[in-house]
$ cat entry11.cif   # mmCIF, N, CA and C atoms
data_data
loop_
_atom_site.label_atom_id
_atom_site.label_comp_id
_atom_site.auth_asym_id
_atom_site.auth_seq_id
_atom_site.Cartn_x
_atom_site.Cartn_y
_atom_site.Cartn_z
N MET U 1 146.85 221.16 160.06
CA MET U 1 147.09 219.83 159.56
C MET U 1 148.44 219.83 158.87
N SER U 2 149.24 218.82 159.10
CA SER U 2 150.56 218.75 158.48
C SER U 2 150.42 218.42 157.00
N GLU U 3 151.48 218.69 156.24
CA GLU U 3 151.44 218.41 154.81
C GLU U 3 151.25 216.92 154.55
N SER U 4 151.90 216.06 155.35
CA SER U 4 151.74 214.62 155.13
C SER U 4 150.32 214.18 155.43
N ALA U 5 149.70 214.79 156.46
CA ALA U 5 148.31 214.44 156.78
C ALA U 5 147.39 214.89 155.65
N THR U 6 147.66 216.08 155.07
CA THR U 6 146.86 216.57 153.96
C THR U 6 147.01 215.66 152.76
N SER U 7 148.22 215.23 152.46
CA SER U 7 148.46 214.32 151.34
C SER U 7 147.74 213.00 151.57
N HIS U 8 147.80 212.49 152.81
CA HIS U 8 147.12 211.24 153.13
C HIS U 8 145.62 211.39 152.94
N SER U 9 145.06 212.53 153.37
CA SER U 9 143.64 212.78 153.25
C SER U 9 143.23 212.82 151.77
N ARG U 10 144.01 213.50 150.94
CA ARG U 10 143.72 213.55 149.51
C ARG U 10 143.80 212.17 148.89
N ALA U 11 144.80 211.38 149.28
CA ALA U 11 144.96 210.03 148.76
C ALA U 11 143.77 209.16 149.13
N ALA U 12 143.27 209.32 150.35
CA ALA U 12 142.12 208.54 150.80
C ALA U 12 140.90 208.88 149.95
N ASN U 13 140.72 210.17 149.63
CA ASN U 13 139.57 210.57 148.81
C ASN U 13 139.69 210.05 147.38
N VAL U 14 140.89 210.02 146.84
CA VAL U 14 141.10 209.52 145.49
C VAL U 14 140.85 208.02 145.43
N ALA U 15 141.23 207.28 146.47
CA ALA U 15 141.11 205.84 146.49
C ALA U 15 139.68 205.36 146.72
N ARG U 16 138.80 206.22 147.20
CA ARG U 16 137.42 205.82 147.46
C ARG U 16 136.77 205.34 146.17
N LYS U 17 136.03 204.25 146.24
CA LYS U 17 135.40 203.67 145.06
C LYS U 17 134.29 204.58 144.56
N HIS U 18 134.20 204.69 143.25
CA HIS U 18 133.14 205.48 142.61
C HIS U 18 132.60 204.70 141.42
N TYR U 19 131.29 204.75 141.22
CA TYR U 19 130.66 204.19 140.04
C TYR U 19 130.50 205.29 139.02
N ILE U 20 130.31 204.89 137.78
CA ILE U 20 129.86 205.85 136.78
C ILE U 20 128.38 206.03 137.08
N PRO U 21 127.92 207.26 137.32
CA PRO U 21 126.53 207.46 137.72
C PRO U 21 125.54 206.95 136.68
N LEU U 22 124.44 206.37 137.14
CA LEU U 22 123.34 206.01 136.25
C LEU U 22 122.56 207.28 135.94
N GLU U 23 122.13 207.41 134.71
CA GLU U 23 121.25 208.52 134.39
C GLU U 23 119.92 208.26 135.08
N SER U 24 119.41 209.21 135.80
CA SER U 24 118.14 209.05 136.51
C SER U 24 117.00 209.18 135.52
N SER U 25 116.72 208.10 134.86
CA SER U 25 115.72 208.11 133.80
C SER U 25 115.03 206.75 133.75
N PRO U 26 113.72 206.74 133.49
CA PRO U 26 113.02 205.47 133.32
C PRO U 26 113.61 204.65 132.16
N ASP U 27 114.17 205.34 131.17
CA ASP U 27 114.77 204.65 130.02
C ASP U 27 116.03 203.89 130.40
N VAL U 28 116.62 204.22 131.53
CA VAL U 28 117.80 203.51 132.04
C VAL U 28 117.39 202.55 133.16
N PHE U 29 116.60 203.03 134.10
CA PHE U 29 116.23 202.23 135.27
C PHE U 29 115.39 201.00 134.90
N THR U 30 114.40 201.17 134.02
CA THR U 30 113.50 200.06 133.69
C THR U 30 114.23 198.90 133.01
N PRO U 31 115.02 199.12 131.95
CA PRO U 31 115.74 197.99 131.37
C PRO U 31 116.72 197.34 132.36
N LEU U 32 117.29 198.13 133.25
CA LEU U 32 118.20 197.57 134.24
C LEU U 32 117.48 196.57 135.14
N ILE U 33 116.32 196.95 135.69
CA ILE U 33 115.63 196.01 136.57
C ILE U 33 115.06 194.82 135.79
N HIS U 34 114.70 195.03 134.54
CA HIS U 34 114.24 193.90 133.72
C HIS U 34 115.38 192.92 133.50
N ASN U 35 116.58 193.45 133.26
CA ASN U 35 117.76 192.59 133.03
C ASN U 35 118.20 191.83 134.27
N ILE U 36 117.90 192.36 135.46
CA ILE U 36 118.30 191.64 136.68
C ILE U 36 117.18 190.74 137.20
N GLY U 37 116.11 190.62 136.42
CA GLY U 37 115.07 189.65 136.76
C GLY U 37 113.80 190.19 137.36
N VAL U 38 113.49 191.46 137.14
CA VAL U 38 112.24 192.03 137.65
C VAL U 38 111.48 192.65 136.47
N PRO U 39 110.97 191.79 135.56
CA PRO U 39 110.33 192.31 134.35
C PRO U 39 108.93 192.87 134.55
N SER U 40 108.32 192.63 135.71
CA SER U 40 106.93 193.05 135.91
C SER U 40 106.79 194.48 136.42
N LEU U 41 107.90 195.16 136.71
CA LEU U 41 107.84 196.53 137.21
C LEU U 41 108.52 197.48 136.23
N SER U 42 108.14 198.74 136.29
CA SER U 42 108.74 199.77 135.44
C SER U 42 108.83 201.07 136.20
N PHE U 43 109.73 201.93 135.75
CA PHE U 43 109.88 203.27 136.32
C PHE U 43 109.25 204.28 135.38
N TYR U 44 108.75 205.38 135.95
CA TYR U 44 108.12 206.46 135.19
C TYR U 44 108.61 207.79 135.74
N ASP U 45 108.74 208.78 134.86
CA ASP U 45 109.04 210.14 135.32
C ASP U 45 107.77 210.75 135.87
N ILE U 46 107.88 211.34 137.03
CA ILE U 46 106.78 212.11 137.62
C ILE U 46 107.32 213.51 137.85
N LEU U 47 106.74 214.48 137.18
CA LEU U 47 107.25 215.84 137.25
C LEU U 47 106.52 216.68 138.28
N SER U 48 105.46 216.12 138.86
CA SER U 48 104.70 216.81 139.89
C SER U 48 103.96 215.77 140.71
N VAL U 49 103.76 216.06 141.98
CA VAL U 49 102.97 215.17 142.82
C VAL U 49 101.66 215.84 143.24
N ASP U 50 101.34 216.92 142.59
CA ASP U 50 100.09 217.63 142.86
C ASP U 50 98.93 216.83 142.27
N GLU U 51 97.99 216.41 143.10
CA GLU U 51 96.89 215.56 142.67
C GLU U 51 95.66 216.35 142.22
N SER U 52 95.80 217.64 142.02
CA SER U 52 94.63 218.44 141.63
C SER U 52 94.13 218.03 140.25
N ASP U 53 92.87 218.33 139.96
CA ASP U 53 92.27 217.96 138.68
C ASP U 53 93.00 218.57 137.49
N GLU U 54 93.62 219.72 137.68
CA GLU U 54 94.30 220.39 136.57
C GLU U 54 95.62 219.72 136.21
N ASN U 55 96.13 218.86 137.06
CA ASN U 55 97.44 218.28 136.84
C ASN U 55 97.36 217.06 135.92
N GLU U 56 97.68 217.28 134.65
CA GLU U 56 97.68 216.19 133.68
C GLU U 56 98.99 215.42 133.70
N LEU U 57 99.97 215.87 134.48
CA LEU U 57 101.27 215.20 134.52
C LEU U 57 101.20 213.82 135.15
N LEU U 58 100.16 213.55 135.94
CA LEU U 58 100.03 212.26 136.60
C LEU U 58 99.10 211.30 135.87
N ASN U 59 98.44 211.75 134.81
CA ASN U 59 97.43 210.92 134.15
C ASN U 59 97.97 209.61 133.59
N GLY U 60 99.16 209.57 133.06
CA GLY U 60 99.69 208.36 132.44
C GLY U 60 100.47 207.45 133.37
N ILE U 61 100.47 207.76 134.65
CA ILE U 61 101.25 206.98 135.61
C ILE U 61 100.38 205.85 136.17
N PRO U 62 100.82 204.59 136.00
CA PRO U 62 100.04 203.47 136.57
C PRO U 62 99.94 203.58 138.09
N ARG U 63 98.83 203.14 138.63
CA ARG U 63 98.61 203.15 140.07
C ARG U 63 98.44 201.74 140.55
N PRO U 64 98.81 201.39 141.74
CA PRO U 64 99.48 202.25 142.70
C PRO U 64 100.97 202.37 142.37
N ALA U 65 101.56 203.48 142.77
CA ALA U 65 103.01 203.63 142.69
C ALA U 65 103.59 202.88 143.88
N LEU U 66 104.55 202.00 143.63
CA LEU U 66 105.11 201.16 144.69
C LEU U 66 106.31 201.80 145.38
N ALA U 67 106.91 202.77 144.73
CA ALA U 67 108.07 203.47 145.32
C ALA U 67 108.26 204.78 144.59
N LEU U 68 108.97 205.67 145.23
CA LEU U 68 109.29 206.96 144.64
C LEU U 68 110.77 207.21 144.86
N ILE U 69 111.49 207.46 143.78
CA ILE U 69 112.90 207.83 143.89
C ILE U 69 112.98 209.32 143.58
N LEU U 70 113.37 210.09 144.56
CA LEU U 70 113.46 211.53 144.41
C LEU U 70 114.84 211.90 143.89
N VAL U 71 114.86 212.65 142.80
CA VAL U 71 116.11 213.12 142.20
C VAL U 71 116.18 214.62 142.40
N PHE U 72 117.24 215.08 143.05
CA PHE U 72 117.38 216.51 143.25
C PHE U 72 118.86 216.89 143.26
N PRO U 73 119.18 218.09 142.81
CA PRO U 73 120.58 218.52 142.82
C PRO U 73 121.05 218.84 144.24
N THR U 74 122.31 218.60 144.49
CA THR U 74 122.85 218.93 145.80
C THR U 74 123.82 220.11 145.66
N THR U 75 124.08 220.72 146.79
CA THR U 75 125.00 221.85 146.83
C THR U 75 126.07 221.56 147.89
N GLU U 76 127.09 222.35 147.94
CA GLU U 76 128.10 222.20 148.99
C GLU U 76 127.48 222.36 150.37
N THR U 77 126.54 223.30 150.50
CA THR U 77 125.88 223.52 151.78
C THR U 77 125.09 222.27 152.18
N TYR U 78 124.36 221.69 151.25
CA TYR U 78 123.60 220.47 151.53
C TYR U 78 124.55 219.36 151.99
N GLU U 79 125.64 219.15 151.27
CA GLU U 79 126.60 218.09 151.60
C GLU U 79 127.19 218.32 152.99
N LYS U 80 127.50 219.56 153.32
CA LYS U 80 128.03 219.90 154.64
C LYS U 80 127.00 219.59 155.72
N ASP U 81 125.74 219.97 155.47
CA ASP U 81 124.67 219.70 156.43
C ASP U 81 124.48 218.21 156.66
N ILE U 82 124.59 217.41 155.62
CA ILE U 82 124.45 215.95 155.75
C ILE U 82 125.57 215.39 156.61
N VAL U 83 126.80 215.82 156.36
CA VAL U 83 127.94 215.34 157.15
C VAL U 83 127.74 215.68 158.62
N GLU U 84 127.29 216.91 158.91
CA GLU U 84 127.05 217.32 160.30
C GLU U 84 125.93 216.50 160.93
N ALA U 85 124.85 216.27 160.19
CA ALA U 85 123.72 215.51 160.73
C ALA U 85 124.11 214.06 161.00
N GLU U 86 124.90 213.48 160.11
CA GLU U 86 125.28 212.08 160.27
C GLU U 86 126.36 211.88 161.33
N ALA U 87 127.08 212.94 161.67
CA ALA U 87 128.14 212.82 162.67
C ALA U 87 127.59 212.42 164.03
N ASN U 88 126.37 212.86 164.34
CA ASN U 88 125.76 212.57 165.64
C ASN U 88 124.74 211.44 165.59
N ARG U 89 124.55 210.85 164.42
CA ARG U 89 123.55 209.81 164.26
C ARG U 89 124.14 208.45 164.64
N GLU U 90 123.36 207.68 165.38
CA GLU U 90 123.79 206.33 165.74
C GLU U 90 123.81 205.46 164.49
N VAL U 91 124.83 204.64 164.36
CA VAL U 91 124.95 203.76 163.20
C VAL U 91 123.86 202.68 163.26
N TYR U 92 123.17 202.50 162.16
CA TYR U 92 122.12 201.49 162.06
C TYR U 92 122.76 200.13 161.90
N THR U 93 122.52 199.22 162.82
CA THR U 93 123.17 197.91 162.77
C THR U 93 122.17 196.77 162.72
N ALA U 94 120.89 197.05 162.79
CA ALA U 94 119.90 195.98 162.79
C ALA U 94 119.84 195.33 161.41
N SER U 95 119.49 194.08 161.38
CA SER U 95 119.30 193.37 160.12
C SER U 95 118.52 192.10 160.37
N GLY U 96 118.11 191.46 159.31
CA GLY U 96 117.43 190.19 159.44
C GLY U 96 115.96 190.25 159.11
N GLU U 97 115.33 189.11 159.17
CA GLU U 97 113.94 188.98 158.78
C GLU U 97 112.97 189.75 159.67
N SER U 98 113.38 190.07 160.89
CA SER U 98 112.48 190.79 161.80
C SER U 98 112.38 192.28 161.47
N GLU U 99 113.25 192.77 160.61
CA GLU U 99 113.23 194.18 160.22
C GLU U 99 112.16 194.45 159.17
N ASP U 100 111.45 195.56 159.31
CA ASP U 100 110.41 195.92 158.35
C ASP U 100 110.97 196.45 157.03
N VAL U 101 112.16 197.04 157.09
CA VAL U 101 112.73 197.71 155.93
C VAL U 101 114.11 197.13 155.62
N VAL U 102 114.35 196.86 154.33
CA VAL U 102 115.68 196.48 153.89
C VAL U 102 116.40 197.77 153.56
N TRP U 103 117.57 197.95 154.14
CA TRP U 103 118.30 199.21 153.96
C TRP U 103 119.75 198.90 153.62
N PHE U 104 120.25 199.54 152.57
CA PHE U 104 121.63 199.38 152.13
C PHE U 104 122.35 200.69 152.35
N LYS U 105 123.47 200.65 153.05
CA LYS U 105 124.27 201.86 153.26
C LYS U 105 125.11 202.11 152.01
N GLN U 106 125.02 203.31 151.48
CA GLN U 106 125.79 203.63 150.29
C GLN U 106 127.23 203.90 150.69
N THR U 107 128.13 203.08 150.18
CA THR U 107 129.55 203.22 150.49
C THR U 107 130.37 203.50 149.24
N ILE U 108 129.72 203.62 148.10
CA ILE U 108 130.40 203.86 146.83
C ILE U 108 129.88 205.15 146.25
N GLY U 109 130.79 206.04 145.89
CA GLY U 109 130.41 207.33 145.32
C GLY U 109 129.68 207.17 144.00
N ASN U 110 128.78 208.08 143.71
CA ASN U 110 128.00 208.14 142.48
C ASN U 110 127.06 206.96 142.29
N ALA U 111 126.82 206.18 143.33
CA ALA U 111 125.96 205.00 143.20
C ALA U 111 124.55 205.26 143.73
N CYS U 112 124.16 206.51 143.92
CA CYS U 112 122.86 206.79 144.53
C CYS U 112 121.71 206.27 143.69
N GLY U 113 121.82 206.30 142.36
CA GLY U 113 120.76 205.75 141.52
C GLY U 113 120.59 204.26 141.74
N LEU U 114 121.69 203.54 141.77
CA LEU U 114 121.64 202.10 142.01
C LEU U 114 121.06 201.79 143.38
N TYR U 115 121.49 202.53 144.40
CA TYR U 115 120.95 202.31 145.74
C TYR U 115 119.47 202.67 145.81
N GLY U 116 119.06 203.70 145.09
CA GLY U 116 117.64 204.05 145.03
C GLY U 116 116.83 202.92 144.43
N ILE U 117 117.35 202.32 143.36
CA ILE U 117 116.68 201.19 142.73
C ILE U 117 116.58 200.01 143.70
N LEU U 118 117.68 199.70 144.38
CA LEU U 118 117.66 198.59 145.34
C LEU U 118 116.65 198.82 146.45
N HIS U 119 116.63 200.04 147.00
CA HIS U 119 115.66 200.34 148.06
C HIS U 119 114.22 200.27 147.53
N ALA U 120 114.00 200.76 146.32
CA ALA U 120 112.65 200.72 145.75
C ALA U 120 112.18 199.29 145.52
N LEU U 121 113.07 198.42 145.08
CA LEU U 121 112.70 197.04 144.79
C LEU U 121 112.57 196.16 146.03
N CYS U 122 113.35 196.42 147.03
CA CYS U 122 113.44 195.50 148.17
C CYS U 122 112.53 195.86 149.34
N ASN U 123 111.67 196.82 149.17
CA ASN U 123 110.79 197.24 150.25
C ASN U 123 109.35 197.38 149.76
N GLY U 124 108.43 197.30 150.69
CA GLY U 124 107.01 197.48 150.37
C GLY U 124 106.48 196.45 149.40
N GLU U 125 105.44 196.84 148.67
CA GLU U 125 104.77 195.93 147.74
C GLU U 125 105.66 195.50 146.58
N ALA U 126 106.65 196.31 146.22
CA ALA U 126 107.53 195.96 145.11
C ALA U 126 108.27 194.65 145.39
N ARG U 127 108.55 194.41 146.62
CA ARG U 127 109.30 193.20 147.01
C ARG U 127 108.59 191.93 146.55
N LYS U 128 107.27 191.95 146.49
CA LYS U 128 106.51 190.77 146.07
C LYS U 128 106.76 190.42 144.60
N HIS U 129 107.27 191.37 143.82
CA HIS U 129 107.50 191.15 142.40
C HIS U 129 108.87 190.57 142.11
N ILE U 130 109.71 190.46 143.11
CA ILE U 130 111.09 190.05 142.84
C ILE U 130 111.46 188.69 143.38
N GLY U 131 110.54 188.00 143.95
CA GLY U 131 110.82 186.65 144.42
C GLY U 131 111.92 186.61 145.46
N ARG U 132 112.94 185.84 145.22
CA ARG U 132 114.01 185.61 146.18
C ARG U 132 115.13 186.64 146.08
N PHE U 133 115.04 187.61 145.19
CA PHE U 133 116.12 188.58 144.96
C PHE U 133 116.63 189.24 146.24
N CYS U 134 115.73 189.71 147.11
CA CYS U 134 116.15 190.44 148.30
C CYS U 134 116.11 189.59 149.57
N ASP U 135 115.67 188.37 149.48
CA ASP U 135 115.53 187.56 150.68
C ASP U 135 116.86 187.28 151.38
N ASP U 136 117.95 187.38 150.67
CA ASP U 136 119.25 187.11 151.27
C ASP U 136 119.86 188.32 151.97
N PHE U 137 119.22 189.48 151.88
CA PHE U 137 119.78 190.69 152.48
C PHE U 137 119.19 190.94 153.84
#

$ encode --input "entry11.cif" --output "structure tokens"
Amino acid sequence: MSESATSHSRAANVARKHYIPLESSPDVFTPLIHNIGVPSLSFYDILSVDESDENELLNGIPRPALALILVFPTTETYEKDIVEAEANREVYTASGESEDVVWFKQTIGNACGLYGILHALCNGEARKHIGRFCDDF
């Protein structure tokens, strides 16, 4: 790669939009959705999904759970694997009322928490709690 191409590549990465990441916490997510007009739902930390009788970690979680946002650390290897997997994936272009799932493509860095919230609110039973919020997407 030429030096000018390398400089252009670095400039493109610097110019990409980035959000300040949301802390993945019910103490952040719940007030956010209440402030945007969804006061009837809340987020909870779930530290285990083991349903055995010994697991007291699930006792205080209201049922049914309408969505699950998985938070996990990534590595360089994981990021490389995602780029390779997506390189051969057909771009999703469907939209409209006939689609079962509302899906937002993340195009802004560090916005995964916000996109997780949008996906959790705009799909499944949670959608019934938000009225017209997602109907335009």

$ closest_atom_pairs --input "entry11.cif" --of "stretch 57-97 of chain U" --to "stretch 108-116 of chain U" --cutoff "8 Å" --atoms "only N, CA and C atoms" --output "CSV"
residue,atom,partner,partner_atom,distance
U:Leu68,C,U:Gly116,C,7.4
U:Ile69,CA,U:Gly116,CA,6.2
U:Leu70,N,U:Gly116,CA,7.4

$ atom_distance --input "entry11.cif" --atom1 "atom CA of U:Asp50" --atom2 "atom CA of U:Asp27"
23.4 Å

$ select_by_dssp --input "entry11.cif" --residues "stretch 75-135 of chain U" --states "alpha helix (DSSP H)" --output "ChimeraX atom specification"
/U:76-87,112-121

$ write_last_selection --input "entry11.cif" --atoms "N, CA and C atoms" --output "PDB file, keeping the file's coordinate frame"
ATOM      1  N   GLU U  76     127.090 222.350 147.940  1.00  0.00           N
ATOM      2  CA  GLU U  76     128.100 222.200 148.990  1.00  0.00           C
ATOM      3  C   GLU U  76     127.480 222.360 150.370  1.00  0.00           C
ATOM      4  N   THR U  77     126.540 223.300 150.500  1.00  0.00           N
ATOM      5  CA  THR U  77     125.880 223.520 151.780  1.00  0.00           C
ATOM      6  C   THR U  77     125.090 222.270 152.180  1.00  0.00           C
ATOM      7  N   TYR U  78     124.360 221.690 151.250  1.00  0.00           N
ATOM      8  CA  TYR U  78     123.600 220.470 151.530  1.00  0.00           C
ATOM      9  C   TYR U  78     124.550 219.360 151.990  1.00  0.00           C
ATOM     10  N   GLU U  79     125.640 219.150 151.270  1.00  0.00           N
ATOM     11  CA  GLU U  79     126.600 218.090 151.600  1.00  0.00           C
ATOM     12  C   GLU U  79     127.190 218.320 152.990  1.00  0.00           C
ATOM     13  N   LYS U  80     127.500 219.560 153.320  1.00  0.00           N
ATOM     14  CA  LYS U  80     128.030 219.900 154.640  1.00  0.00           C
ATOM     15  C   LYS U  80     127.000 219.590 155.720  1.00  0.00           C
ATOM     16  N   ASP U  81     125.740 219.970 155.470  1.00  0.00           N
ATOM     17  CA  ASP U  81     124.670 219.700 156.430  1.00  0.00           C
ATOM     18  C   ASP U  81     124.480 218.210 156.660  1.00  0.00           C
ATOM     19  N   ILE U  82     124.590 217.410 155.620  1.00  0.00           N
ATOM     20  CA  ILE U  82     124.450 215.950 155.750  1.00  0.00           C
ATOM     21  C   ILE U  82     125.570 215.390 156.610  1.00  0.00           C
ATOM     22  N   VAL U  83     126.800 215.820 156.360  1.00  0.00           N
ATOM     23  CA  VAL U  83     127.940 215.340 157.150  1.00  0.00           C
ATOM     24  C   VAL U  83     127.740 215.680 158.620  1.00  0.00           C
ATOM     25  N   GLU U  84     127.290 216.910 158.910  1.00  0.00           N
ATOM     26  CA  GLU U  84     127.050 217.320 160.300  1.00  0.00           C
ATOM     27  C   GLU U  84     125.930 216.500 160.930  1.00  0.00           C
ATOM     28  N   ALA U  85     124.850 216.270 160.190  1.00  0.00           N
ATOM     29  CA  ALA U  85     123.720 215.510 160.730  1.00  0.00           C
ATOM     30  C   ALA U  85     124.110 214.060 161.000  1.00  0.00           C
ATOM     31  N   GLU U  86     124.900 213.480 160.110  1.00  0.00           N
ATOM     32  CA  GLU U  86     125.280 212.080 160.270  1.00  0.00           C
ATOM     33  C   GLU U  86     126.360 211.880 161.330  1.00  0.00           C
ATOM     34  N   ALA U  87     127.080 212.940 161.670  1.00  0.00           N
ATOM     35  CA  ALA U  87     128.140 212.820 162.670  1.00  0.00           C
ATOM     36  C   ALA U  87     127.590 212.420 164.030  1.00  0.00           C
ATOM     37  N   CYS U 112     124.160 206.510 143.920  1.00  0.00           N
ATOM     38  CA  CYS U 112     122.860 206.790 144.530  1.00  0.00           C
ATOM     39  C   CYS U 112     121.710 206.270 143.690  1.00  0.00           C
ATOM     40  N   GLY U 113     121.820 206.300 142.360  1.00  0.00           N
ATOM     41  CA  GLY U 113     120.760 205.750 141.520  1.00  0.00           C
ATOM     42  C   GLY U 113     120.590 204.260 141.740  1.00  0.00           C
ATOM     43  N   LEU U 114     121.690 203.540 141.770  1.00  0.00           N
ATOM     44  CA  LEU U 114     121.640 202.100 142.010  1.00  0.00           C
ATOM     45  C   LEU U 114     121.060 201.790 143.380  1.00  0.00           C
ATOM     46  N   TYR U 115     121.490 202.530 144.400  1.00  0.00           N
ATOM     47  CA  TYR U 115     120.950 202.310 145.740  1.00  0.00           C
ATOM     48  C   TYR U 115     119.470 202.670 145.810  1.00  0.00           C
ATOM     49  N   GLY U 116     119.060 203.700 145.090  1.00  0.00           N
ATOM     50  CA  GLY U 116     117.640 204.050 145.030  1.00  0.00           C
ATOM     51  C   GLY U 116     116.830 202.920 144.430  1.00  0.00           C
ATOM     52  N   ILE U 117     117.350 202.320 143.360  1.00  0.00           N
ATOM     53  CA  ILE U 117     116.680 201.190 142.730  1.00  0.00           C
ATOM     54  C   ILE U 117     116.580 200.010 143.700  1.00  0.00           C
ATOM     55  N   LEU U 118     117.680 199.700 144.380  1.00  0.00           N
ATOM     56  CA  LEU U 118     117.660 198.590 145.340  1.00  0.00           C
ATOM     57  C   LEU U 118     116.650 198.820 146.450  1.00  0.00           C
ATOM     58  N   HIS U 119     116.630 200.040 147.000  1.00  0.00           N
ATOM     59  CA  HIS U 119     115.660 200.340 148.060  1.00  0.00           C
ATOM     60  C   HIS U 119     114.220 200.270 147.530  1.00  0.00           C
ATOM     61  N   ALA U 120     114.000 200.760 146.320  1.00  0.00           N
ATOM     62  CA  ALA U 120     112.650 200.720 145.750  1.00  0.00           C
ATOM     63  C   ALA U 120     112.180 199.290 145.520  1.00  0.00           C
ATOM     64  N   LEU U 121     113.070 198.420 145.080  1.00  0.00           N
ATOM     65  CA  LEU U 121     112.700 197.040 144.790  1.00  0.00           C
ATOM     66  C   LEU U 121     112.570 196.160 146.030  1.00  0.00           C
TER      67      LEU U 121
END

$ resolve_selection --input "entry11.cif" --expression "the PyMOL selection byres (((chain U and resi 39-49 and name CA) around 7) and name CA)" --output "ChimeraX atom specification"
/U:26,29-30,33-34,37-38,50-51,57-58,61,129

$ closest_residue --input "entry11.cif" --among "U:Lys80, U:Glu56, U:Pro73, U:Gly124" --to "U:Val101" --atoms "all atoms listed in the file"
U:Gly124

$ resolve_selection --input "entry11.cif" --expression "the PyMOL selection byres ((chain U and resi 89-100) around 8)" --output "mmCIF file with N, CA and C atoms, keeping the file's coordinate frame"
data_model
loop_
_atom_site.group_PDB
_atom_site.id
_atom_site.type_symbol
_atom_site.label_atom_id
_atom_site.label_comp_id
_atom_site.auth_asym_id
_atom_site.auth_seq_id
_atom_site.Cartn_x
_atom_site.Cartn_y
_atom_site.Cartn_z
ATOM 1 N N GLU U 84 127.290 216.910 158.910
ATOM 2 C CA GLU U 84 127.050 217.320 160.300
ATOM 3 C C GLU U 84 125.930 216.500 160.930
ATOM 4 N N ALA U 85 124.850 216.270 160.190
ATOM 5 C CA ALA U 85 123.720 215.510 160.730
ATOM 6 C C ALA U 85 124.110 214.060 161.000
ATOM 7 N N GLU U 86 124.900 213.480 160.110
ATOM 8 C CA GLU U 86 125.280 212.080 160.270
ATOM 9 C C GLU U 86 126.360 211.880 161.330
ATOM 10 N N ALA U 87 127.080 212.940 161.670
ATOM 11 C CA ALA U 87 128.140 212.820 162.670
ATOM 12 C C ALA U 87 127.590 212.420 164.030
ATOM 13 N N ASN U 88 126.370 212.860 164.340
ATOM 14 C CA ASN U 88 125.760 212.570 165.640
ATOM 15 C C ASN U 88 124.740 211.440 165.590
ATOM 16 N N VAL U 101 112.160 197.040 157.090
ATOM 17 C CA VAL U 101 112.730 197.710 155.930
ATOM 18 C C VAL U 101 114.110 197.130 155.620
ATOM 19 N N VAL U 102 114.350 196.860 154.330
ATOM 20 C CA VAL U 102 115.680 196.480 153.890
ATOM 21 C C VAL U 102 116.400 197.770 153.560
ATOM 22 N N TRP U 103 117.570 197.950 154.140
ATOM 23 C CA TRP U 103 118.300 199.210 153.960
ATOM 24 C C TRP U 103 119.750 198.900 153.620
ATOM 25 N N CYS U 122 113.350 196.420 147.030
ATOM 26 C CA CYS U 122 113.440 195.500 148.170
ATOM 27 C C CYS U 122 112.530 195.860 149.340
ATOM 28 N N ASN U 123 111.670 196.820 149.170
ATOM 29 C CA ASN U 123 110.790 197.240 150.250
ATOM 30 C C ASN U 123 109.350 197.380 149.760
ATOM 31 N N GLY U 124 108.430 197.300 150.690
ATOM 32 C CA GLY U 124 107.010 197.480 150.370
ATOM 33 C C GLY U 124 106.480 196.450 149.400
ATOM 34 N N PHE U 137 119.220 189.480 151.880
ATOM 35 C CA PHE U 137 119.780 190.690 152.480
ATOM 36 C C PHE U 137 119.190 190.940 153.840
#

$ atom_distance --input "entry11.cif" --atom1 "atom CA of U:Leu66" --atom2 "atom CA of U:Glu125"
6.1 Å

$ atom_distance --input "entry11.cif" --atom1 "atom CA of U:Thr75" --atom2 "atom CA of U:Ser24"
17.8 Å

$ axis_aligned_box --input "entry11.cif" --around "stretch 62-81 of chain U" --padding-each-side "3 Å" --output "lines of an AutoDock Vina configuration file"
center_x = 113.3
center_y = 212.3
center_z = 146.3
size_x = 35.7
size_y = 28.4
size_z = 26.7

$ closest_residue --input "entry11.cif" --among "U:Tyr78, U:Phe72, U:Tyr19, U:Phe104" --to "U:His119" --atoms "only C-alpha atoms"
U:Phe104
